[in-house]
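Here's the structure we're looking at; comments come further down.
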Amino acid sequence: MQDKVLMLMGPTASGKTALALALAQHLPIEIISVDSALVYRDMDIGTAKPSRAEQASCPHHLIDIISPLESYSAAQFCSDTERLIDEIHARGHIPLLAGGTMLYYKALLQGLSELPQADPDLRARLDAEAAEHGWPALHARLATLDPVTAARLQPGDAQRIQRALEVCLLSGQPMSSLLDAEAQRPQHRWQSLNLALVPAERSWLHERIAQRFALMLADGFLDEVSRLRQTYPDLHPGLPSMRCVGYRQAWEYQDGHCSHEEMVARGIAATRQLCKRQLTWIRSLETIPVNAQSDQTSEQVIRACNDFLAGRTICPDLRWQGAY
């Protein structure tokens, strides 16, 4: 098992955390979080971070590793994860990568495209331009420089519009062209079983998203955002941490830009959009899709992991093909 890695990916609210903890009851695993929001300290409720008790039940990695004022890239994730996989194997344990940041999975499995590094000065100028004219105006500008990327982005998707413009302006090439360049697949010392939790029905996932958002609010999510703003005076909505779904909408509500009802509706809508993007990413990766709604999901996944670790053929009834 020293060359084996388990991967459990899926959209938000699909049940990844519960399934990962169930696997930990049967296998000597250590969980590596594949989540760009869980890296931030003091952001617990809005990220649906595993509780302290859940983290204590099984070793967890890449959670609470940076301040909300900092940023964390896919390249950093790959470097940290390669190191952690070796360390976990050295302890005689099995790495389980679990989370929903699909870019991280893609970067680890297929390599990173050669995109220019972030430029703080350029980002500041773009932020200033957006503050004056709005992100839809920058989206229109992106459409002239990189129509392919602009077509797949919403006019209000500030983080991705900013990054796409940054890449265009720094490299002189459309980001879509750079991403289309075939990235060299990295050569790993390990094999992975790539499982993807996907819903049989989108409505099931949408209901769980709405329930989760309501539970977050009941658990004190707005108080958490207030504490963050007090604890980190330099925090602002342009930072990656505050661009996480939920946090951006809560910030707007606290600044009086929308009503409580509008904040809830926007938060749920943004989470649905995130899930849609996550499912699109999953389709682009080589995975075994697993029906997240099945009563036998946990049993099937545990059996598949045992078969993979023992070098046996994966049971064919696991390979579910749904309209996700």
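Residue numbering restarts at 1 in every chain; chains get A, B, ... in the order shown in the structure tokens, and ligands count up from 1 in that same order.
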Give me, as a Markdown table, the closest atom pair and its distance (Å, one decimal) for every residue of region 179-206 of chain A within a cut-off of 12 Å of region 83-91 of chain A, counting only C-alpha atoms, rows sorted by chain and rising number.
```
| residue | atom | partner | partner_atom | distance |
| --- | --- | --- | --- | --- |
| A:His188 | CA | A:Ile85 | CA | 10.7 |
| A:Arg189 | CA | A:Asp86 | CA | 9.2 |
| A:Trp190 | CA | A:Ile85 | CA | 9.0 |
| A:Gln191 | CA | A:Ile85 | CA | 11.3 |
| A:Ser192 | CA | A:Ile85 | CA | 11.3 |
```
Keeping C-alpha atoms, export the residues of the selection given above as a compact mmCIF listing (two decimals), in the first residue's frame.
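Listing of part.txt after writing:
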```txt
# COMPACT_ATOMS: atom_id res chain seq x y z
CA HIS A 188 4.12 10.31 -9.58
CA ARG A 189 5.59 7.61 -7.40
CA TRP A 190 2.10 6.54 -6.46
CA GLN A 191 -1.15 5.29 -7.96
CA SER A 192 -4.49 6.84 -7.12
```
What's around region 146-152 of chain A at 8 Å? Count only C-alpha atoms, leave out sequence neighbours fewer than 4 positions away in its own chain, and write the answer as a PyMOL selection string. chain A and resi 139-140+142+161+164+168+174-176
Write out as a list in words each polymer residue whose atoms come within 12 Å of Leu235 (chain A), counting only C-alpha atoms; drop sequence neighbours fewer than 2 positions from it. Ser67, Pro68, Leu69, Glu70, Val225, Ser226, Arg227, Leu228, Arg229, Gln230, Thr231, Tyr232, Pro233, Pro237, Gly238, Leu239, Pro240, Ser241, Met242, Arg243, Tyr247, Arg248 and Trp251 of chain A
Dump as a Markdown table the rows for residues of region 56-135 of chain A within 12 Å of region 287-301 of chain A: closest atom pair and distance in Å with one decimal, only C-alpha atoms counted, ordered by chain and rising residue number.
```
| residue | atom | partner | partner_atom | distance |
| --- | --- | --- | --- | --- |
| A:Met102 | CA | A:Thr287 | CA | 11.9 |
| A:Tyr105 | CA | A:Thr287 | CA | 11.0 |
| A:Lys106 | CA | A:Thr287 | CA | 11.3 |
| A:Leu109 | CA | A:Thr287 | CA | 11.2 |
```
I'd like the contact shell of Ala98 (chain A) - 7 Å cut-off, only C-alpha atoms, skipping same-chain residues fewer than 6 positions apart - returned as a PDB file with N, CA and C atoms, in the first residue's frame.
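Result saved to result.pdb:
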```pdb
ATOM      1  N   MET A   7      -8.498   9.172  -3.441  1.00  0.00           N
ATOM      2  CA  MET A   7      -9.003  10.516  -3.689  1.00  0.00           C
ATOM      3  C   MET A   7     -10.518  10.490  -3.682  1.00  0.00           C
ATOM      4  N   LEU A   8     -11.109  11.415  -2.940  1.00  0.00           N
ATOM      5  CA  LEU A   8     -12.560  11.507  -2.827  1.00  0.00           C
ATOM      6  C   LEU A   8     -12.970  12.950  -3.120  1.00  0.00           C
ATOM      7  N   MET A   9     -13.466  13.162  -4.319  1.00  0.00           N
ATOM      8  CA  MET A   9     -13.839  14.512  -4.734  1.00  0.00           C
ATOM      9  C   MET A   9     -15.347  14.593  -4.931  1.00  0.00           C
ATOM     10  N   LYS A  16     -18.864  14.494   1.289  1.00  0.00           N
ATOM     11  CA  LYS A  16     -17.466  14.044   1.277  1.00  0.00           C
ATOM     12  C   LYS A  16     -16.890  13.874   2.689  1.00  0.00           C
ATOM     13  N   ALA A  20     -15.433  10.453   4.191  1.00  0.00           N
ATOM     14  CA  ALA A  20     -14.011  10.376   4.529  1.00  0.00           C
ATOM     15  C   ALA A  20     -13.834   9.868   5.964  1.00  0.00           C
ATOM     16  N   ILE A  31      -6.115  12.226   6.328  1.00  0.00           N
ATOM     17  CA  ILE A  31      -6.856  13.018   5.353  1.00  0.00           C
ATOM     18  C   ILE A  31      -6.080  14.282   4.979  1.00  0.00           C
ATOM     19  N   ILE A  32      -5.910  14.479   3.686  1.00  0.00           N
ATOM     20  CA  ILE A  32      -5.343  15.719   3.155  1.00  0.00           C
ATOM     21  C   ILE A  32      -6.492  16.510   2.560  1.00  0.00           C
ATOM     22  N   SER A  33      -6.770  17.666   3.126  1.00  0.00           N
ATOM     23  CA  SER A  33      -7.874  18.497   2.644  1.00  0.00           C
ATOM     24  C   SER A  33      -7.546  19.081   1.267  1.00  0.00           C
ATOM     25  N   VAL A  34      -8.491  18.940   0.348  1.00  0.00           N
ATOM     26  CA  VAL A  34      -8.358  19.525  -0.987  1.00  0.00           C
ATOM     27  C   VAL A  34      -9.426  20.608  -1.084  1.00  0.00           C
TER      28      VAL A  34
END
```
For the interface of region 163-222 of chain A with region 127-137 of chain A (cut-off 12 Å, counting only C-alpha atoms), please tabulate each contacting residue of region 163-222 of chain A alongside its nearest pair of atoms and their separation in Å to one decimal, rows sorted by chain and increasing number, as a tab-separated table.
```
residue	atom	partner	partner_atom	distance
A:Arg163	CA	A:Asp127	CA	11.1
A:Leu165	CA	A:Asp127	CA	11.3
A:Glu166	CA	A:Asp127	CA	11.2
```
Apply DSSP to the backbone of this structure and, from region 65-103 of chain A, keep only the residues in alpha helix (DSSP H); write these as a ChimeraX atom specification. /A:74-90,102-103
So, counting only C-alpha atoms, which residue among A:Leu145, A:Met43, A:Leu62, A:Leu38 is closest to Glu224 (chain A)? A:Met43
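Closest approach to Gln278 (chain A) among A:Gly111, A:Pro116, A:Gly99, A:Gly15 is made by A:Gly99 (distances from only C-alpha atoms).
Nearest residue to Leu217 (chain A) among A:Glu252, A:Ile45, A:Asp80, A:Val245 is A:Ile45, counting only C-alpha atoms.
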Return the single residue from A:Glu207, A:His257, A:Leu138, A:Glu114 that is closest to Arg160 (chain A), with distances computed using only C-alpha atoms. A:Leu138
Within 9 Å of Leu23 (chain A) using only C-alpha atoms, minus same-chain residues under 5 positions, as number ranges by chain: A: 18, 28-29, 298, 301-302, 305
Write out, as a PDB file, in the first residue's frame, the residues just selected, with N, CA and C atoms.
```pdb
ATOM      1  N   ALA A  18     -18.354  13.308   5.638  1.00  0.00           N
ATOM      2  CA  ALA A  18     -18.901  12.151   6.351  1.00  0.00           C
ATOM      3  C   ALA A  18     -18.334  10.851   5.801  1.00  0.00           C
ATOM      4  N   PRO A  28      -6.337   2.711   7.883  1.00  0.00           N
ATOM      5  CA  PRO A  28      -5.387   3.605   8.565  1.00  0.00           C
ATOM      6  C   PRO A  28      -5.031   4.812   7.702  1.00  0.00           C
ATOM      7  N   ILE A  29      -6.001   5.698   7.535  1.00  0.00           N
ATOM      8  CA  ILE A  29      -5.801   6.819   6.622  1.00  0.00           C
ATOM      9  C   ILE A  29      -5.464   8.102   7.368  1.00  0.00           C
ATOM     10  N   SER A 298     -21.527   4.377   1.142  1.00  0.00           N
ATOM     11  CA  SER A 298     -20.416   4.164   2.063  1.00  0.00           C
ATOM     12  C   SER A 298     -19.871   2.754   1.945  1.00  0.00           C
ATOM     13  N   VAL A 301     -17.984   2.315  -1.415  1.00  0.00           N
ATOM     14  CA  VAL A 301     -16.706   3.019  -1.468  1.00  0.00           C
ATOM     15  C   VAL A 301     -15.666   2.320  -0.601  1.00  0.00           C
ATOM     16  N   ILE A 302     -16.059   1.868   0.564  1.00  0.00           N
ATOM     17  CA  ILE A 302     -15.120   1.150   1.432  1.00  0.00           C
ATOM     18  C   ILE A 302     -14.632  -0.118   0.736  1.00  0.00           C
ATOM     19  N   CYS A 305     -12.186   0.824  -2.074  1.00  0.00           N
ATOM     20  CA  CYS A 305     -10.876   1.211  -1.554  1.00  0.00           C
ATOM     21  C   CYS A 305     -10.079  -0.011  -1.120  1.00  0.00           C
TER      22      CYS A 305
END
```
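Neighbours of Arg212 (chain A) closer than or equal to 12 Å, with only C-alpha atoms counted and sequence neighbours fewer than 3 positions away skipped, come out as Thr12, Ala13, Ser14, Gly15, Ile45, Gly46, Thr47, Ala48, Leu205, His206, Glu207, Arg208, Ile209, Leu215, Met216, Leu217, Ala218, Asp219, Phe221, Gly246, Val264, Gly267, Ile268, Thr271 and Arg272 of chain A.
Take CA of Lys4 (chain A) and CA of Gln110 (chain A): the distance between them is 17.1 Å.
Our summary of the geometry notes that CA of Leu279 (chain A) is positioned 6.4 Å from CA of Pro11 (chain A).
Relative to CA of Gln187 (chain A), CA of Cys78 (chain A) is found at 12.8 Å.
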